[in-house]
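Participant: Below: one structure in structure tokens.
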Amino acid sequence: AEPKGKDAEVTILVSPLTFAFPHFVFLTDELKDEANKLGGVTIVVADGQLSAPKQIADIEAAIVQGVDGIILAPVEADALAPVVQQAIDAGIAVVTVDRPVNGVPDVLANVAADNFKGAEAQGEAVVKAFPDGATIVNLQGIPGDKTANDRNGGAHKVLDAAGEKYVFVAEQAGNFSRDKGLEVTENILTGLAEVPQVIIAANDDMALGAAQAVDARGLKGKVAIYGYDGSEDALKAVKSGDLAATVDQFPGLQGRTAVSTLVAFIREGTRPESAEVLVAPVAITADNLDQAERVGQIGE
Amino acid sequence: MSHPSSPPGKDQQKPGRASSPGALPSAPGSDAAPGSAPRSAPGVTAPLLEARGFVKRFFGVTVLDGVSLSLAPGEVRALLGENGAGKSTIINLLSGVHQPDGGMLLLDGAPVRFTRPLEADHAGISVIRQELSLFPDLSVAEAIFAGHLPLNRLGLVDWRQMREAARKALARLGLEIDVRAPVASLSIAHQQMVEIARALTRKSRVVIMDEPTASLSPNEVAHLGEIIAQLSAGGVAVLYVSHRLDEIRAFCRTYTVLRDGKAVSAGLVSETDIPSLIRDMAGREVEIGAAGAARQPGAPVLELQHLASVPGGRGGQRVRDVSLVVRAGEILGLAGIVGAGRTETARMIFGLDPVGSGEILLNGRPFRAGSPAAAMAAGIGYVPEDRKGLSILPDRSVAENFALTGAVPAGPLGWNDRPGEAKALAGFVQRLGIRAASLRAPITTLSGGNQQKVILARWIALKPKLLIIDEPTRGIDVGAKEDVHSLIREIAAGGVAVLLISSDLPEVLALSDRIVTLREGETTSEQPAADATSEGLMARMTRHG
Amino acid sequence: MTKAQADELSRARMYALLGKLAPLIFLLALVIIFASLQPRFLLPLNLFNILRQVSIYGIIAIGMTFVILIRGIDLSVGALVAMSGLCAAVVAKGGIEGRFMLSADGSGYHWALAALAAILAGTVAGLLQGMAVAWLSVPAFVVTLGGMTVFRGIALTIGNGGPISGFDEAFGWWGRGMIGPVPVPVLIFAAVALIAWVVLTQTRFGRAVYAVGSNPDAARLSGINVSGVTLSVYALIGFCSGLGGFVLASRLNSAEAVAGTGYELTAIAAVVIGGTSLYGGTGGVAGTVIGALLTGVLLNGLVILNVSPYTQQILVGLIIVAAVAFDHFIKRQSR
Amino acid sequence: MTKAQADELSRARMYALLGKLAPLIFLLALVIIFASLQPRFLLPLNLFNILRQVSIYGIIAIGMTFVILIRGIDLSVGALVAMSGLCAAVVAKGGIEGRFMLSADGSGYHWALAALAAILAGTVAGLLQGMAVAWLSVPAFVVTLGGMTVFRGIALTIGNGGPISGFDEAFGWWGRGMIGPVPVPVLIFAAVALIAWVVLTQTRFGRAVYAVGSNPDAARLSGINVSGVTLSVYALIGFCSGLGGFVLASRLNSAEAVAGTGYELTAIAAVVIGGTSLYGGTGGVAGTVIGALLTGVLLNGLVILNVSPYTQQILVGLIIVAAVAFDHFIKRQSR
Ligand SMILES: Nc1ncnc2c1ncn2[C@@H]1O[C@H](COP(=O)(O)OP(=O)(O)OP(=O)(O)O)[C@@H](O)[C@H]1O
Ligand SMILES: Nc1ncnc2c1ncn2[C@@H]1O[C@H](COP(=O)(O)OP(=O)(O)OP(=O)(O)O)[C@@H](O)[C@H]1O
Ligand SMILES: [Mg+2]
Ligand SMILES: [Mg+2]
């Protein structure tokens, strides 16, 4: 499509995975903030609710509505491809955030921090803190969910490669929720004859639940707990020592980059230098807390 | 009081009493002799269906103890017995609902075993059940043909033919209704007739009727009589259960009397008389139709002035112009044929249906009950006619069913007074001869008649000022009927105003002080019971009056 | 019959008809509101979008209509969609690389075999649940609640938690193809609905379904094979779920274990909005189609109107309750 | 009554008793299996874990028992837990930073006020649903399915999707504290169960609940205020959910909109496993407690045995169906 002009009104559909995860809530909030700063940008938000059909329906509705651009965090890389192609054919520019869609070369950009890579950073942090090996409890997300699979895969890749001395003594699903994370950790801790050295969790909620279970057992400080997402609560916990680390994928940065890239293209036709705008995830420990995106929110 | 022997309840329950004059010397088999076949049959007709030595136990309690009976083609046999004697149970065994714990079943002389109702159905046995078992959501036509829907050439349901046949079957019973209407929109009586029509369309060899006339009025009963005669002439065997002995005399050729799960007598109806049948059933002498102590009617309690229901309700305006007065200490009988609007009148008084126009006066003051609770607070009690649908709590115990109306007040904080309730119930068990293995067992383990007694007790215990009783003895046996009658007389004598609705004219005549007749929702007459006759009442209940 | 009576009867019939039309009236009202707020809502493209979006859970809702008509319920359909979708995917791919192979040379099979696998898996699973309901007399709610986690577990095990994606063109046609302007899934939905309508209204089996739902005891006493009907109905919804799973996999070009989450509630909502009673015995397929369209219109319209996602949830809940309340209100008037 | 008859009767009573005990027997069997596979299962620490984990949805299951006894159902409890938990959190924090403030100086309120807020929110929400069920006669399934999305939407709106966390010690005591060796939530659960038991078995209200469930028409005709009972029962489960939401927020030291997801099905499962009939009228609180323990034991035991999450799902589904089938089997024997 032709560039709309410098100050043209722009309408953008934002379709994140789900608002059940604070990660995407924050991403969307920052994205909206950036859009405000740009001015003249209307953001339409749809909740993906972890469902590919729902997301497809939302995008189809947006095409009908005649939006100028779409920012999408696809629930499923293959499933969303046809509808993204359809949008592009209809003259709508598409940017993916957080994760790509498969096989649609015309996507303007993919602004992402790979979950797999982030989980590798999590694993590497464990290796760094426990060079002599460790007994590990693994709290996975919702069984079958892509994020859960990627994060589980990344951590395993690093820790399995690091040798026999890293032993997974229990692997259970905590469904990304704090109460399930707490319950499952309680059960695992009683089930194990020896206290594990490390708990890695596929998100911060489960890690915080696990921290409570560890605290309740009087094991605070004896088990290193690794979260994922860099949420406000997790950063506080890292600061206080309840968590050993969390992984920040910089959702806010992703959101801001996505919207500015998209608006620049719609208004002026400028393409990003590369279609892959990768944000490297970082494991945040007490030492590099200031690198965390949401560190400003946790106060002193 | 009308009761000769002191605690009648106990007496009834003793099965082994030697004082059963009419009893055959425990006669399993003997009644099954081909000799009892109908007179019209040339020579000896082999029985079509025969039960030999049926035994059945529930919860370890023996309900049937070696009962035999047979049905020859064209035979119409009455099955008699008190409530809980085991009549319905025999029927359940004959039709594959339950399986006997002992004995055998022969069809055309060959042993058979029905494990499902479907199999009895295929064998040509159809049953009109005591408790209505229809499909409320289906159309009348479909309910009649359920399980046997006629098909057209394409193998699809032939709706046209089905409606036509349903209309015809109902017309035979003298009923003209829209066969497309849902069953739920019909009155109990009409549902009963749909149930009968269902059995008639089956082209069965054996038709079993378990109290088919319990909620029918004389007209419909007469129709049924004709149909039974037609069936019999066509070689169909009929097993007929009823507590109305006049029907037995009129319709049946042979009979079997059950008492406590045993066949105590059998033979030809023409060779016995009603008193001896009653003796066989009850195992004692029962005094029929004893008049109560003279009652002195007091002030009017309920007065209806030109009461009418809301027009355009289901099935149209049932009540158009009803006026009557019920005084304290008086029993007012309300007679009418099916659909006359008696039940609907009662429902309006009790706050179940809205009032269209007219006045209800309670103790001289205008009264409108917004809900049953309000009516009860004003001192009204109502025993509905539909026991299964509107009265019993099926999963709950006898005791809890009794306590439901809160006749025994609760303590502070709504704490149930269980000892008080138990005591009150025990009194009624005695008084009404309620037979129950345990008062803590679900009420559905009681026979229909005994359930009715518990429901009556529930309302009488409430000591209302006005008691409306709709079909009080529906499905109650002769002996128990007397118990219930004397109880109704007794509460009236105690100053309660009783509005008695009954399709059983002898009952209305025997109980009432005055009788009001309804026809098509309008009062057509009022007279002292002493002056009334069955014929006179019938005339005023029907168009020809 | 007097004239007055005849009048009352025809009035009663009119009301009854109105009662049947209540969901349709509500649907039209909704369409009018959305169209007046945002005219683009009525674009043919958008209408076909809605139809396509509705068709998969619509197929399942048709099966659910039978289940609810016999007073049953099936909470396992979402999991069944996932499981049967994965079965189709495995067959279409000829196995899962690195885990197990079905064909000797590692090539995939024809879409027809894949579809068969999905439908078979669904039907057998449904049949098993039907057995538990009919023979062990475990309440359907419990059986299918159990089934929901069991089948989800099996789906996870098949795909080892991950998706299986990338099928050939012919496979994809069933979910993404068009015949003229009409998407293929819409045609499948229409065909399923039509067949179900004929079965329910014109065959003995269909009427037996109503009889069982209206009064199971009476049905048994009337010689209807109640367990047989029950079994068939659960097998049937299994069939519909299997078909739905295949079409979904085809449409998404991918099958995964979390697919179909929440379909059970959407399907039940469609059936109930369509006027089928949860107490069995009344209702039918036509209502379900309208109920499915209503939910589809609702979700589409709210997005097109740019309602915030949180508010959307609140509105969806309220409107569904309102639709059913409206239906009941109209039906009560006709009493 | 002859001696033989008396004997048979007492045998029948024994069977009836066995029928009541069926869920307990199943629970014990499960405990024995787990204990033999992993002795640590029986550690007092673990048993208290199970009790604590069970207590929150146990509280809700107690309320659900009332609802199911009157033939109702409540699918909204999970969303209510989230919504009321957030209400408590907002009050305890005195508002949400940067969005809205409740107290002038931005300081939080006492835990008692927070608890009150949660319970009030739950009760009012329950009452509203009760009104829709009792007065508009919309089926409970639909009302609470709608309620589920509405309350979840409200919860999302309150917390703007994110969690609210970090409460004071006194607030936290209700979820994490101990009295002697017994966790506080367990005591709350026990108290709720005890009160509910007394109400159901010993009071007029309890009897009315059974009557409404057994035959609503007969109940109404006997002067019971059926809509009143219905309203109260839905208000009551709202109360239980509100209380549960408060305890959960206290236990997690955090409240968020996704809390309590799936609690509705867990609670219903506990009630049904405990022998309460989904058709109303029979069952009770004692069974529900056992049902809740059974689910708790199951989830705990499978984790302790480190069964793979996929297989766990399959086993949980199968065992729940087996438990209910066992219950029905035993009860049928006593007929
Ligand atoms: N399903 C059942 N479970 C337990 N007891 C039963 C069952 N059915 C019948 N009974 C018992 O069997 C006995 C006989 O009952 P049945 O219904 O055959 O009596 P009936 O002669 O038909 O009485 P009525 O004239 O009142 O209908 C009664 O004591 C009744 O309580
Ligand atoms: N609004 C209603 N809801 C439910 N049932 C009703 C309603 N109105 C009437 N009925 C039922 O319909 C039947 C018709 O009652 P109606 O007063 O017309 O006849 P009736 O004179 O009592 O005749 P019978 O009692 O012999 O059927 C009654 O059985 C009553 O229980
Ligand atoms: Mg009987
Ligand atoms: Mg009547």
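Labels for the structure tokens follow display order: chains A, B, ..., residues from 1 in each chain, ligands from 1.
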Should the cut-off be 10 Å, what would the residue list for chain B against chain C look like, counting only C-alpha atoms, as a compact mmCIF listing (two decimals) with N, CA and C atoms, in the first residue's frame?

Facilitator:
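Listed below is the output, part.txt:
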```txt
# COMPACT_ATOMS: atom_id res chain seq x y z
N SER B 95 -44.73 -57.93 33.15
CA SER B 95 -44.38 -57.08 32.01
C SER B 95 -42.88 -56.81 31.93
N GLY B 96 -42.09 -57.56 32.68
CA GLY B 96 -40.64 -57.47 32.50
C GLY B 96 -39.98 -56.30 33.17
N VAL B 97 -40.71 -55.54 34.00
CA VAL B 97 -40.06 -54.43 34.71
C VAL B 97 -39.15 -54.98 35.80
N ARG B 116 -36.70 -57.30 30.03
CA ARG B 116 -36.94 -55.87 29.81
C ARG B 116 -38.39 -55.68 29.39
N PRO B 117 -38.95 -54.49 29.64
CA PRO B 117 -40.33 -54.23 29.21
C PRO B 117 -40.48 -54.45 27.71
N LEU B 118 -39.41 -54.15 26.97
CA LEU B 118 -39.42 -54.32 25.53
C LEU B 118 -39.86 -55.73 25.13
N GLU B 119 -39.38 -56.75 25.88
CA GLU B 119 -39.67 -58.13 25.50
C GLU B 119 -41.13 -58.48 25.76
N ALA B 120 -41.67 -58.00 26.87
CA ALA B 120 -43.09 -58.23 27.15
C ALA B 120 -43.92 -57.56 26.07
N ASP B 121 -43.48 -56.39 25.68
CA ASP B 121 -44.15 -55.63 24.64
C ASP B 121 -44.21 -56.43 23.34
N HIS B 122 -43.07 -57.01 22.99
CA HIS B 122 -43.02 -57.80 21.76
C HIS B 122 -43.92 -59.03 21.87
N SER B 126 -49.49 -55.39 26.87
CA SER B 126 -49.34 -53.95 27.12
C SER B 126 -50.00 -53.59 28.43
N VAL B 127 -49.44 -52.54 29.03
CA VAL B 127 -49.78 -52.23 30.41
C VAL B 127 -50.18 -50.77 30.55
N ARG B 129 -50.12 -48.23 33.34
CA ARG B 129 -49.48 -48.21 34.67
C ARG B 129 -50.29 -47.41 35.67
N LEU B 132 -48.80 -42.55 36.29
CA LEU B 132 -48.72 -42.12 34.90
C LEU B 132 -47.28 -42.14 34.45
N SER B 133 -47.04 -42.69 33.27
CA SER B 133 -45.68 -42.65 32.76
C SER B 133 -45.72 -42.18 31.33
N LEU B 134 -46.05 -40.91 31.17
CA LEU B 134 -46.14 -40.35 29.84
C LEU B 134 -44.95 -39.44 29.57
N PHE B 135 -44.95 -38.87 28.37
CA PHE B 135 -43.86 -37.97 27.97
C PHE B 135 -44.38 -36.55 27.95
N PRO B 136 -44.11 -35.77 28.98
CA PRO B 136 -44.71 -34.45 29.08
C PRO B 136 -44.43 -33.56 27.87
N ASP B 137 -43.25 -33.68 27.26
CA ASP B 137 -42.89 -32.76 26.19
C ASP B 137 -43.39 -33.19 24.82
N LEU B 138 -43.79 -34.45 24.70
CA LEU B 138 -44.19 -34.92 23.37
C LEU B 138 -45.65 -34.60 23.11
N GLU B 142 -47.84 -38.51 19.57
CA GLU B 142 -46.56 -39.20 19.66
C GLU B 142 -46.45 -40.01 20.94
N ALA B 143 -47.00 -39.46 22.03
CA ALA B 143 -46.95 -40.19 23.30
C ALA B 143 -47.71 -41.50 23.18
N ILE B 144 -48.80 -41.47 22.42
CA ILE B 144 -49.60 -42.69 22.26
C ILE B 144 -48.81 -43.75 21.49
N PHE B 145 -48.03 -43.31 20.52
CA PHE B 145 -47.32 -44.26 19.67
C PHE B 145 -45.85 -44.44 20.02
N ALA B 146 -45.41 -43.83 21.10
CA ALA B 146 -43.99 -43.90 21.45
C ALA B 146 -43.53 -45.35 21.48
N GLY B 147 -42.42 -45.61 20.83
CA GLY B 147 -41.89 -46.97 20.78
C GLY B 147 -42.44 -47.77 19.60
N HIS B 148 -43.52 -47.26 18.97
CA HIS B 148 -44.10 -47.96 17.82
C HIS B 148 -44.51 -46.98 16.75
N LEU B 149 -43.70 -45.98 16.50
CA LEU B 149 -44.10 -44.96 15.56
C LEU B 149 -44.32 -45.59 14.19
N PRO B 150 -45.45 -45.29 13.54
CA PRO B 150 -45.68 -45.82 12.20
C PRO B 150 -44.73 -45.17 11.20
N LEU B 151 -44.28 -45.95 10.23
CA LEU B 151 -43.34 -45.44 9.23
C LEU B 151 -43.99 -45.39 7.87
N LEU B 154 -40.69 -44.43 2.93
CA LEU B 154 -39.28 -44.06 2.96
C LEU B 154 -38.60 -44.49 4.27
N GLY B 155 -39.36 -45.11 5.15
CA GLY B 155 -38.79 -45.47 6.43
C GLY B 155 -38.75 -44.31 7.40
N LEU B 156 -39.44 -43.23 7.03
CA LEU B 156 -39.50 -42.09 7.95
C LEU B 156 -40.82 -42.14 8.72
N VAL B 157 -40.86 -41.36 9.79
CA VAL B 157 -42.06 -41.36 10.64
C VAL B 157 -43.25 -40.81 9.85
N ASP B 158 -44.36 -41.55 9.89
CA ASP B 158 -45.55 -41.11 9.18
C ASP B 158 -46.44 -40.32 10.13
N TRP B 159 -46.17 -39.01 10.18
CA TRP B 159 -46.88 -38.17 11.16
C TRP B 159 -48.37 -38.16 10.90
N GLU B 176 -62.20 -35.87 22.64
CA GLU B 176 -61.79 -35.12 21.45
C GLU B 176 -60.85 -34.02 21.87
N ILE B 177 -59.58 -34.21 21.67
CA ILE B 177 -58.61 -33.17 22.00
C ILE B 177 -57.63 -33.03 20.84
N ASP B 178 -56.90 -31.93 20.85
CA ASP B 178 -55.90 -31.69 19.83
C ASP B 178 -54.74 -32.65 20.05
N ALA B 181 -51.19 -31.23 20.75
CA ALA B 181 -50.86 -30.50 21.99
C ALA B 181 -49.89 -31.33 22.81
N SER B 185 -49.90 -30.38 28.77
CA SER B 185 -50.99 -29.40 28.86
C SER B 185 -52.32 -30.07 29.20
N ARG B 198 -52.97 -45.46 24.61
CA ARG B 198 -51.70 -46.04 24.22
C ARG B 198 -51.76 -47.56 24.20
N ALA B 199 -52.37 -48.12 25.25
CA ALA B 199 -52.46 -49.58 25.30
C ALA B 199 -53.37 -50.11 24.20
N PRO B 311 -58.83 -15.69 31.69
CA PRO B 311 -59.12 -16.21 30.35
C PRO B 311 -57.82 -16.43 29.58
N GLY B 312 -57.86 -17.40 28.70
CA GLY B 312 -56.70 -17.60 27.83
C GLY B 312 -55.53 -18.27 28.50
N GLY B 313 -55.79 -18.92 29.62
CA GLY B 313 -54.72 -19.71 30.23
C GLY B 313 -54.55 -20.98 29.44
N ARG B 314 -53.75 -21.91 29.97
CA ARG B 314 -53.57 -23.17 29.24
C ARG B 314 -54.91 -23.89 29.14
N GLY B 315 -55.20 -24.31 27.95
CA GLY B 315 -56.45 -25.03 27.74
C GLY B 315 -57.67 -24.15 27.90
N GLY B 316 -57.50 -22.84 27.86
CA GLY B 316 -58.65 -21.93 27.94
C GLY B 316 -59.06 -21.64 29.37
N GLN B 317 -60.18 -20.93 29.52
CA GLN B 317 -60.65 -20.55 30.84
C GLN B 317 -61.42 -21.73 31.43
```

Participant: How large is the C-alpha RMSD when chain C is optimally fitted onto chain D, using all Cα positions paired one-to-one in sequence order?

Facilitator: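 Here the RMSD amounts to 0.4 Å.
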
Participant: Could you build a table of the residues in chain A lying no more than 8 Å from chain C, giving for each the nearest pair of atoms and their separation in Å rounded to one decimal place, using only C-alpha atoms, ordered by chain and ascending residue number, as a tab-separated table?

Facilitator:
```
residue	atom	partner	partner_atom	distance
A:Val44	CA	C:Asn306	CA	5.8
A:Val45	CA	C:Ser308	CA	6.4
A:Ala46	CA	C:Pro309	CA	5.7
A:Asp47	CA	C:Pro309	CA	5.7
A:Ser51	CA	C:Ala259	CA	7.3
A:Ala52	CA	C:Leu252	CA	7.9
A:Pro53	CA	C:Gln53	CA	7.4
A:Ala57	CA	C:Gln53	CA	6.4
A:Asp58	CA	C:Val303	CA	6.4
A:Glu60	CA	C:Asn49	CA	6.7
A:Ala61	CA	C:Ile304	CA	5.7
A:Ala62	CA	C:Ile304	CA	6.4
A:Val64	CA	C:Asn46	CA	6.0
A:Gln65	CA	C:Ile304	CA	5.9
A:Asp78	CA	C:Ser254	CA	6.4
A:Ala79	CA	C:Leu252	CA	4.1
A:Leu80	CA	C:Leu252	CA	7.1
A:Pro143	CA	C:Gly161	CA	6.3
A:Gly144	CA	C:Gly161	CA	4.0
A:Asp145	CA	C:Val258	CA	6.5
A:Lys146	CA	C:Gly162	CA	7.0
A:Asn149	CA	C:Gly162	CA	7.0
```

Participant: Tell me which protein, DNA and RNA residues are within 7 Å of Ala335 in chain B, counting only C-alpha atoms, leaving out same-chain ones fewer than 2 positions away, and put them as a ChimeraX atom specification.

Facilitator: /B:333,501-503,516-518

Participant: Could the residues in this selection be written to a file with N, CA, C and O atoms, as a JSON list (two decimals), in the first residue's frame?

Facilitator:
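Contents of result.json, freshly written:
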```
[["chain", "number", "residue", "atom", "x", "y", "z"],
["B", 333, "GLY", "N", -69.12, -31.28, 49.39],
["B", 333, "GLY", "CA", -68.64, -32.09, 48.27],
["B", 333, "GLY", "C", -68.74, -31.30, 46.99],
["B", 333, "GLY", "O", -69.72, -30.61, 46.74],
["B", 501, "ILE", "N", -63.18, -32.61, 46.94],
["B", 501, "ILE", "CA", -63.32, -32.78, 45.50],
["B", 501, "ILE", "C", -63.12, -34.25, 45.21],
["B", 501, "ILE", "O", -62.11, -34.82, 45.60],
["B", 502, "SER", "N", -64.08, -34.87, 44.56],
["B", 502, "SER", "CA", -63.89, -36.28, 44.26],
["B", 502, "SER", "C", -64.69, -36.65, 43.02],
["B", 502, "SER", "O", -65.77, -36.14, 42.79],
["B", 503, "SER", "N", -64.08, -37.53, 42.23],
["B", 503, "SER", "CA", -64.78, -38.01, 41.04],
["B", 503, "SER", "C", -65.56, -39.26, 41.37],
["B", 503, "SER", "O", -66.27, -39.80, 40.52],
["B", 516, "VAL", "N", -72.14, -29.60, 45.85],
["B", 516, "VAL", "CA", -72.24, -28.61, 44.78],
["B", 516, "VAL", "C", -71.76, -29.28, 43.51],
["B", 516, "VAL", "O", -70.75, -29.99, 43.52],
["B", 517, "THR", "N", -72.45, -29.10, 42.42],
["B", 517, "THR", "CA", -71.98, -29.67, 41.15],
["B", 517, "THR", "C", -71.45, -28.57, 40.24],
["B", 517, "THR", "O", -71.96, -27.45, 40.23],
["B", 518, "LEU", "N", -70.42, -28.91, 39.50],
["B", 518, "LEU", "CA", -69.83, -28.00, 38.52],
["B", 518, "LEU", "C", -70.02, -28.59, 37.13],
["B", 518, "LEU", "O", -69.93, -29.81, 36.96]]
```

Participant: With DSSP run on the backbone, what are the strand (DSSP E) residues within range 59-202 of chain B? I'd like them as JSON, numbers by chain.

Facilitator: {"B": [61, 62, 63, 64, 65, 66, 67, 68, 69, 70, 71, 76, 77, 78, 79, 80, 81, 102, 103, 104, 105, 106, 107, 110, 111, 112, 125, 126, 127, 128]}

Participant: For the contact check between chain C and chain D, emit one row per residue of chain C within 6 Å, containing the shortest atom pair and the distance in Å rounded to one decimal, counting only C-alpha atoms, chain then rising number order, as JSON lines.

Facilitator:
```
{"residue": "C:Val138", "atom": "CA", "partner": "D:Ala325", "partner_atom": "CA", "distance": 5.5}
{"residue": "C:Val143", "atom": "CA", "partner": "D:Val321", "partner_atom": "CA", "distance": 5.7}
{"residue": "C:Gly146", "atom": "CA", "partner": "D:Gly317", "partner_atom": "CA", "distance": 3.8}
{"residue": "C:Thr149", "atom": "CA", "partner": "D:Gln313", "partner_atom": "CA", "distance": 5.3}
{"residue": "C:Val150", "atom": "CA", "partner": "D:Ile314", "partner_atom": "CA", "distance": 4.0}
{"residue": "C:Gly153", "atom": "CA", "partner": "D:Tyr310", "partner_atom": "CA", "distance": 4.9}
{"residue": "C:Tyr310", "atom": "CA", "partner": "D:Gly153", "partner_atom": "CA", "distance": 4.9}
{"residue": "C:Gln313", "atom": "CA", "partner": "D:Gly153", "partner_atom": "CA", "distance": 5.2}
{"residue": "C:Ile314", "atom": "CA", "partner": "D:Val150", "partner_atom": "CA", "distance": 4.0}
{"residue": "C:Gly317", "atom": "CA", "partner": "D:Gly146", "partner_atom": "CA", "distance": 3.8}
{"residue": "C:Val321", "atom": "CA", "partner": "D:Val143", "partner_atom": "CA", "distance": 5.7}
{"residue": "C:Ala325", "atom": "CA", "partner": "D:Val138", "partner_atom": "CA", "distance": 5.5}
```

Participant: How would the residues just chosen look if you wrote them out with N, CA, C and O atoms as a PDB file, in the first residue's frame?

Facilitator:
```pdb
ATOM      1  N   VAL C 138     -23.051 -44.021  35.579  1.00  0.00           N
ATOM      2  CA  VAL C 138     -22.340 -42.879  36.152  1.00  0.00           C
ATOM      3  C   VAL C 138     -22.900 -41.623  35.461  1.00  0.00           C
ATOM      4  O   VAL C 138     -23.113 -41.641  34.251  1.00  0.00           O
ATOM      5  N   VAL C 143     -18.652 -38.588  33.871  1.00  0.00           N
ATOM      6  CA  VAL C 143     -17.941 -39.375  32.863  1.00  0.00           C
ATOM      7  C   VAL C 143     -17.175 -38.450  31.922  1.00  0.00           C
ATOM      8  O   VAL C 143     -16.002 -38.657  31.627  1.00  0.00           O
ATOM      9  N   GLY C 146     -14.307 -36.556  33.463  1.00  0.00           N
ATOM     10  CA  GLY C 146     -13.157 -37.448  33.459  1.00  0.00           C
ATOM     11  C   GLY C 146     -12.587 -37.560  32.051  1.00  0.00           C
ATOM     12  O   GLY C 146     -11.383 -37.447  31.840  1.00  0.00           O
ATOM     13  N   THR C 149     -10.215 -34.784  30.874  1.00  0.00           N
ATOM     14  CA  THR C 149      -8.797 -34.806  31.234  1.00  0.00           C
ATOM     15  C   THR C 149      -8.102 -36.013  30.613  1.00  0.00           C
ATOM     16  O   THR C 149      -6.949 -35.931  30.207  1.00  0.00           O
ATOM     17  N   VAL C 150      -8.825 -37.128  30.513  1.00  0.00           N
ATOM     18  CA  VAL C 150      -8.198 -38.319  29.931  1.00  0.00           C
ATOM     19  C   VAL C 150      -7.802 -38.056  28.478  1.00  0.00           C
ATOM     20  O   VAL C 150      -6.659 -38.302  28.076  1.00  0.00           O
ATOM     21  N   GLY C 153      -5.017 -35.733  28.126  1.00  0.00           N
ATOM     22  CA  GLY C 153      -3.772 -36.426  28.454  1.00  0.00           C
ATOM     23  C   GLY C 153      -3.287 -37.273  27.285  1.00  0.00           C
ATOM     24  O   GLY C 153      -2.097 -37.300  26.968  1.00  0.00           O
ATOM     25  N   TYR C 310     -11.579  -6.735  28.206  1.00  0.00           N
ATOM     26  CA  TYR C 310     -12.172  -7.038  29.514  1.00  0.00           C
ATOM     27  C   TYR C 310     -13.670  -6.814  29.463  1.00  0.00           C
ATOM     28  O   TYR C 310     -14.478  -7.636  29.904  1.00  0.00           O
ATOM     29  N   GLN C 313     -15.636  -9.543  27.686  1.00  0.00           N
ATOM     30  CA  GLN C 313     -15.995 -10.724  28.476  1.00  0.00           C
ATOM     31  C   GLN C 313     -17.263 -10.459  29.265  1.00  0.00           C
ATOM     32  O   GLN C 313     -18.158 -11.299  29.350  1.00  0.00           O
ATOM     33  N   ILE C 314     -17.317  -9.280  29.871  1.00  0.00           N
ATOM     34  CA  ILE C 314     -18.490  -8.951  30.677  1.00  0.00           C
ATOM     35  C   ILE C 314     -19.738  -8.943  29.791  1.00  0.00           C
ATOM     36  O   ILE C 314     -20.769  -9.528  30.137  1.00  0.00           O
ATOM     37  N   GLY C 317     -20.942 -12.494  28.577  1.00  0.00           N
ATOM     38  CA  GLY C 317     -21.657 -13.200  29.640  1.00  0.00           C
ATOM     39  C   GLY C 317     -23.068 -12.673  29.813  1.00  0.00           C
ATOM     40  O   GLY C 317     -24.045 -13.433  29.854  1.00  0.00           O
ATOM     41  N   VAL C 321     -26.804 -14.648  28.935  1.00  0.00           N
ATOM     42  CA  VAL C 321     -27.860 -14.833  29.928  1.00  0.00           C
ATOM     43  C   VAL C 321     -29.139 -14.139  29.457  1.00  0.00           C
ATOM     44  O   VAL C 321     -30.247 -14.678  29.553  1.00  0.00           O
ATOM     45  N   ALA C 325     -32.768 -15.733  28.917  1.00  0.00           N
ATOM     46  CA  ALA C 325     -33.869 -15.177  29.704  1.00  0.00           C
ATOM     47  C   ALA C 325     -34.998 -14.732  28.785  1.00  0.00           C
ATOM     48  O   ALA C 325     -36.176 -14.962  29.063  1.00  0.00           O
TER      49      ALA C 325
END
```
